[in-house]
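Structure data follow from data.cif (mmCIF, C-alpha atoms):
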data_protein
#
loop_
_atom_site.label_atom_id
_atom_site.label_comp_id
_atom_site.auth_asym_id
_atom_site.auth_seq_id
_atom_site.Cartn_x
_atom_site.Cartn_y
_atom_site.Cartn_z
CA PRO A 1 90.41 104.57 99.97
CA ASP A 2 92.98 104.56 102.79
CA THR A 3 94.34 101.11 101.93
CA PRO A 4 98.16 101.38 101.75
CA VAL A 5 99.90 101.02 98.39
CA THR A 6 103.40 101.32 96.97
CA ALA A 7 104.84 102.22 93.58
CA ASN A 8 104.71 98.53 92.66
CA GLY A 9 101.09 98.22 93.64
CA LEU A 10 99.09 97.40 96.69
CA LEU A 11 100.78 95.61 99.53
CA PRO A 12 99.42 94.34 102.82
CA TYR A 13 102.15 96.38 104.52
CA ALA A 14 102.22 100.00 105.64
CA ASP A 15 103.21 102.74 103.22
CA ASN A 16 102.32 106.38 102.65
CA THR A 17 100.20 106.09 99.51
CA SER A 18 96.50 105.24 99.51
CA ILE A 19 93.98 104.07 96.94
CA LYS A 20 92.62 107.63 96.97
CA ASP A 21 96.11 108.88 96.02
CA LEU A 22 96.13 106.49 93.03
CA ILE A 23 92.70 107.66 91.93
CA ASP A 24 93.59 111.33 92.41
CA ALA A 25 96.79 110.88 90.37
CA ASN A 26 94.72 109.70 87.39
CA MET A 27 96.84 106.58 87.07
CA VAL A 28 96.26 104.48 83.96
CA ALA A 29 97.92 101.34 85.29
CA VAL A 30 99.52 100.00 88.43
CA VAL A 31 101.94 97.10 88.32
CA ALA A 32 100.66 94.89 91.11
CA ASN A 33 104.01 93.25 91.75
CA THR A 34 104.71 90.60 94.36
CA CYS A 35 108.33 90.50 95.52
CA PRO A 36 109.18 87.95 98.19
CA PHE A 37 112.25 89.95 99.31
CA PRO A 38 110.66 92.99 100.98
CA LEU A 39 112.57 95.80 102.61
CA ASN A 40 112.15 96.43 106.30
CA ARG A 41 110.82 99.98 106.12
CA ARG A 42 112.28 100.92 109.50
CA THR A 43 115.84 99.67 108.93
CA GLN A 44 115.86 99.77 105.09
CA GLU A 45 117.40 96.28 105.10
CA LEU A 46 116.15 93.16 103.40
CA THR A 47 113.96 90.94 105.51
CA LYS A 48 114.28 87.19 105.07
CA PRO A 49 112.86 85.81 101.83
CA ARG A 50 109.21 84.85 102.01
CA ASP A 51 107.49 82.01 100.23
CA VAL A 52 106.40 83.41 96.87
CA ALA A 53 103.16 81.39 96.92
CA VAL A 54 102.17 82.82 100.30
CA GLU A 55 103.16 86.37 99.30
CA THR A 56 101.31 86.12 95.99
CA ALA A 57 98.15 84.86 97.72
CA LYS A 58 98.30 87.77 100.21
CA HIS A 59 98.85 90.38 97.52
CA MET A 60 96.23 89.00 95.15
CA ALA A 61 93.68 89.05 98.00
CA VAL A 62 94.41 92.75 98.55
CA TYR A 63 94.19 93.56 94.83
CA ASP A 64 91.02 91.53 94.39
CA ALA A 65 89.41 93.20 97.43
CA MET A 66 90.26 96.61 96.01
CA ILE A 67 88.68 95.72 92.66
CA ALA A 68 85.59 94.37 94.46
CA GLN A 69 85.31 97.52 96.58
CA PHE A 70 85.88 99.96 93.70
CA PRO A 71 84.86 98.13 90.47
CA GLU A 72 84.13 101.43 88.76
CA ARG A 73 87.76 102.56 89.29
CA PHE A 74 89.96 99.42 89.08
CA THR A 75 90.18 96.30 86.94
CA GLN A 76 92.65 93.48 86.52
CA VAL A 77 94.05 93.18 83.00
CA ARG A 78 95.59 90.12 81.37
CA THR A 79 95.59 91.10 77.70
CA LYS A 80 96.18 94.11 75.47
CA GLU A 81 92.46 94.15 74.69
CA GLU A 82 91.57 94.28 78.41
CA PHE A 83 94.06 97.10 78.86
CA ASN A 84 92.49 99.05 75.97
CA ASP A 85 89.03 98.39 77.47
CA SER A 86 90.23 99.74 80.83
CA LEU A 87 91.44 102.93 79.14
CA ALA A 88 88.12 103.38 77.35
CA ALA A 89 86.24 102.83 80.62
CA LYS A 90 88.64 105.20 82.44
CA LYS A 91 89.53 102.47 84.94
CA ILE A 92 92.96 101.94 86.47
CA ALA A 93 94.43 98.71 85.12
CA LEU A 94 96.09 96.37 87.61
CA ILE A 95 98.78 94.29 85.92
CA TYR A 96 99.81 91.33 88.08
CA GLY A 97 103.41 90.16 88.19
CA ILE A 98 106.04 88.54 90.37
CA GLU A 99 109.73 89.37 90.60
CA GLY A 100 112.19 87.14 92.37
CA MET A 101 110.63 83.71 92.02
CA THR A 102 111.78 81.97 95.18
CA LEU A 103 110.15 78.68 94.25
CA PRO A 104 110.35 75.56 96.38
CA ARG A 105 113.15 73.06 95.92
CA ASP A 106 110.44 70.55 95.04
CA LYS A 107 110.56 71.41 91.37
CA GLY A 108 107.25 69.70 90.54
CA ARG A 109 105.47 71.82 93.16
CA GLY A 110 107.21 74.94 91.88
CA LEU A 111 106.23 74.33 88.26
CA ALA A 112 102.64 73.58 89.31
CA PHE A 113 102.59 76.91 91.17
CA VAL A 114 103.81 78.72 88.02
CA GLU A 115 100.96 77.14 86.03
CA GLU A 116 98.43 78.17 88.70
CA ILE A 117 99.49 81.80 88.97
CA LEU A 118 99.51 82.25 85.21
CA THR A 119 96.22 80.52 84.45
CA GLU A 120 94.13 81.06 87.59
CA LYS A 121 95.51 84.21 89.24
CA GLY A 122 96.13 86.24 86.10
CA VAL A 123 99.81 86.94 86.65
CA ILE A 124 101.18 88.01 83.26
CA PHE A 125 104.85 88.63 83.97
CA VAL A 126 107.47 86.82 86.01
CA GLY A 127 110.99 87.90 86.92
CA PRO A 128 113.19 84.93 87.80
CA THR A 129 115.37 87.02 90.13
CA TRP A 130 115.39 90.10 92.26
CA ASN A 131 118.58 91.16 94.09
CA LEU A 132 119.50 87.76 95.51
CA SER A 133 120.38 84.46 93.86
CA ASN A 134 117.76 81.75 93.97
CA LEU A 135 117.14 78.34 92.45
CA LEU A 136 116.26 79.91 89.09
CA ALA A 137 119.06 82.36 88.33
CA THR A 138 121.75 84.79 89.39
CA PRO A 139 120.65 88.45 89.51
CA CYS A 140 122.49 91.42 88.03
CA TYR A 141 123.52 92.94 91.37
CA TYR A 142 125.11 89.96 93.06
CA GLU A 143 127.02 86.89 92.09
CA ASP A 144 125.67 83.65 93.43
CA TRP A 145 126.91 82.27 96.73
CA SER A 146 129.87 80.57 95.02
CA GLY A 147 131.02 83.89 93.53
CA LYS A 148 129.91 83.06 89.98
CA ASP A 149 127.36 84.41 87.56
CA ARG A 150 125.66 81.11 86.72
CA GLY A 151 122.87 82.77 84.73
CA LEU A 152 119.66 80.82 84.34
CA THR A 153 119.65 77.34 85.91
CA SER A 154 117.98 74.31 84.32
CA TYR A 155 115.10 74.77 86.80
CA GLY A 156 114.97 78.45 85.78
CA LYS A 157 114.77 77.43 82.12
CA ALA A 158 111.87 75.08 82.91
CA VAL A 159 110.04 77.93 84.70
CA ILE A 160 110.66 80.34 81.82
CA ASP A 161 109.42 77.72 79.34
CA ARG A 162 106.17 77.42 81.36
CA VAL A 163 105.74 81.21 81.50
CA VAL A 164 106.26 81.61 77.75
CA ALA A 165 104.05 78.61 76.91
CA ALA A 166 101.25 80.17 78.98
CA GLY A 167 101.61 83.46 77.07
CA GLY A 168 103.26 85.31 79.95
CA PHE A 169 106.16 87.74 79.80
CA VAL A 170 109.59 87.32 81.35
CA ASP A 171 110.84 90.34 83.30
CA LEU A 172 114.63 90.58 82.88
CA ALA A 173 115.04 93.77 84.93
CA HIS A 174 117.25 92.04 87.50
CA ALA A 175 118.85 89.42 85.25
CA SER A 176 122.60 88.89 85.19
CA PRO A 177 124.53 89.03 81.89
CA ASN A 178 124.61 85.22 81.73
#

Show me the file's structure as structure tokens.
Amino acid sequence: PDTPVTANGLLPYADNTSIKDLIDANMVAVVANTCPFPLNRRTQELTKPRDVAVETAKHMAVYDAMIAQFPERFTQVRTKEEFNDSLAAKKIALIYGIEGMTLPRDKGRGLAFVEEILTEKGVIFVGPTWNLSNLLATPCYYEDWSGKDRGLTSYGKAVIDRVVAAGGFVDLAHASPN
């Protein structure tokens, strides 16, 4: 119950909220969100981008361990039906997602990773950007490194096509106008 969590879900990093806090708050759902651009909690500055595959694996291991330890309290949901079942069972639903897809330049490897997280890991939403430009798109807060809002790149379009084809959702919270 003392495992650290954040508003976006469990993280393998220190925070002030515990699993017990989530249970006590009678949460219905927690967005278990991997973001490869974490803040340094001490300085409140961005740390260097992390590999999204590595971060996702770390986070999913924490979420899965929590479900295994407290199966009567937590469950992963992938569908509306599973969410409704979690409500009926009075379990907290964990909804897996990733924002800021910092995928590898090897586009084949990146697209294979997208397939894996959607089909095997149960990620149901993907945000192509966070606050920094990447190979997929320009975010709403910053222009890309050339000073332009380039919107979604061709690689970004291929990723979005894979997400939609797999039945996932696209999170546009940090998307630029283009």

- Find the spatial neighbours of A:Glu82, counting only C-alpha atoms, within a cut-off of 9 Å - ignore same-chain residues fewer than 6 positions away - and output them as a VMD selection string. chain A and resid 75 to 76 93

- Message: Taking all atoms listed in the file into account, name the residue in A:Ala29, A:Val114, A:Val164, A:Gln69 that is nearest to A:Thr102.
- Response: A:Val114

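One distance worth recording is that between atom CA of A:Arg150 and atom CA of A:Ala175, which is 10.8 Å.
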
Excluding same-chain residues fewer than 3 positions from A:Gly122, what lies within 10 Å of it counting all atoms listed in the file, as an mmCIF file with C-alpha atoms, in the coordinates of the input?
data_model
loop_
_atom_site.group_PDB
_atom_site.id
_atom_site.type_symbol
_atom_site.label_atom_id
_atom_site.label_comp_id
_atom_site.auth_asym_id
_atom_site.auth_seq_id
_atom_site.Cartn_x
_atom_site.Cartn_y
_atom_site.Cartn_z
ATOM 1 C CA MET A 60 96.230 89.000 95.150
ATOM 2 C CA GLN A 76 92.650 93.480 86.520
ATOM 3 C CA VAL A 77 94.050 93.180 83.000
ATOM 4 C CA ARG A 78 95.590 90.120 81.370
ATOM 5 C CA THR A 79 95.590 91.100 77.700
ATOM 6 C CA ILE A 95 98.780 94.290 85.920
ATOM 7 C CA TYR A 96 99.810 91.330 88.080
ATOM 8 C CA GLY A 97 103.410 90.160 88.190
ATOM 9 C CA GLU A 116 98.430 78.170 88.700
ATOM 10 C CA ILE A 117 99.490 81.800 88.970
ATOM 11 C CA LEU A 118 99.510 82.250 85.210
ATOM 12 C CA THR A 119 96.220 80.520 84.450
ATOM 13 C CA PHE A 125 104.850 88.630 83.970
ATOM 14 C CA GLY A 168 103.260 85.310 79.950
#

- Query: So what do you get for atom CA of A:Phe70 versus atom CA of A:Ala89, distance-wise?
  - Reply: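 Atom-to-atom, atom CA of A:Phe70 to atom CA of A:Ala89, that is 13.4 Å.
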
- Suppose you want the space between atom CA of A:Ala158 and atom CA of A:Gly110; what is it in Å?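 Pair atom CA of A:Ala158 / atom CA of A:Gly110 returns 10.1 Å.
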
- Task: Find the residue from A:Lys121, A:Val52, A:Arg73, A:Ala65 that sits nearest to A:Asn134; use only C-alpha atoms when measuring.
- Result: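 Ranked by minimum distance to A:Asn134, first place goes to A:Val52.
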
Centre and edge lengths, as JSON, for the axis-aligned box enclosing every listed atom of stretch 76-81 of chain A with 4 Å of padding on each of the six sides, in Å to one decimal?
{"center_x": 94.3, "center_y": 92.1, "center_z": 80.6, "size_x": 11.7, "size_y": 12.0, "size_z": 19.8}

- Check the smallest atom-to-atom distance from each of A:Cys140, A:Ile23, A:Val28, A:Ala61 to A:Asp85 using all atoms listed in the file, then report the winner.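 Answer, going by the shortest atom-to-atom distance: A:Val28.
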
- Picked residues, the PyMOL selection byres ((chain A and resi 135) around 12), expected as a VMD selection string: chain A and resid 100 to 107 110 128 to 130 132 to 134 136 to 139 144 to 145 150 to 159

- Message: Given all atoms listed in the file as the basis, pick out the residue of A:Ala112, A:Val54, A:Ile124, A:Val62 nearest to A:Ile98.
- Response: A:Ile124
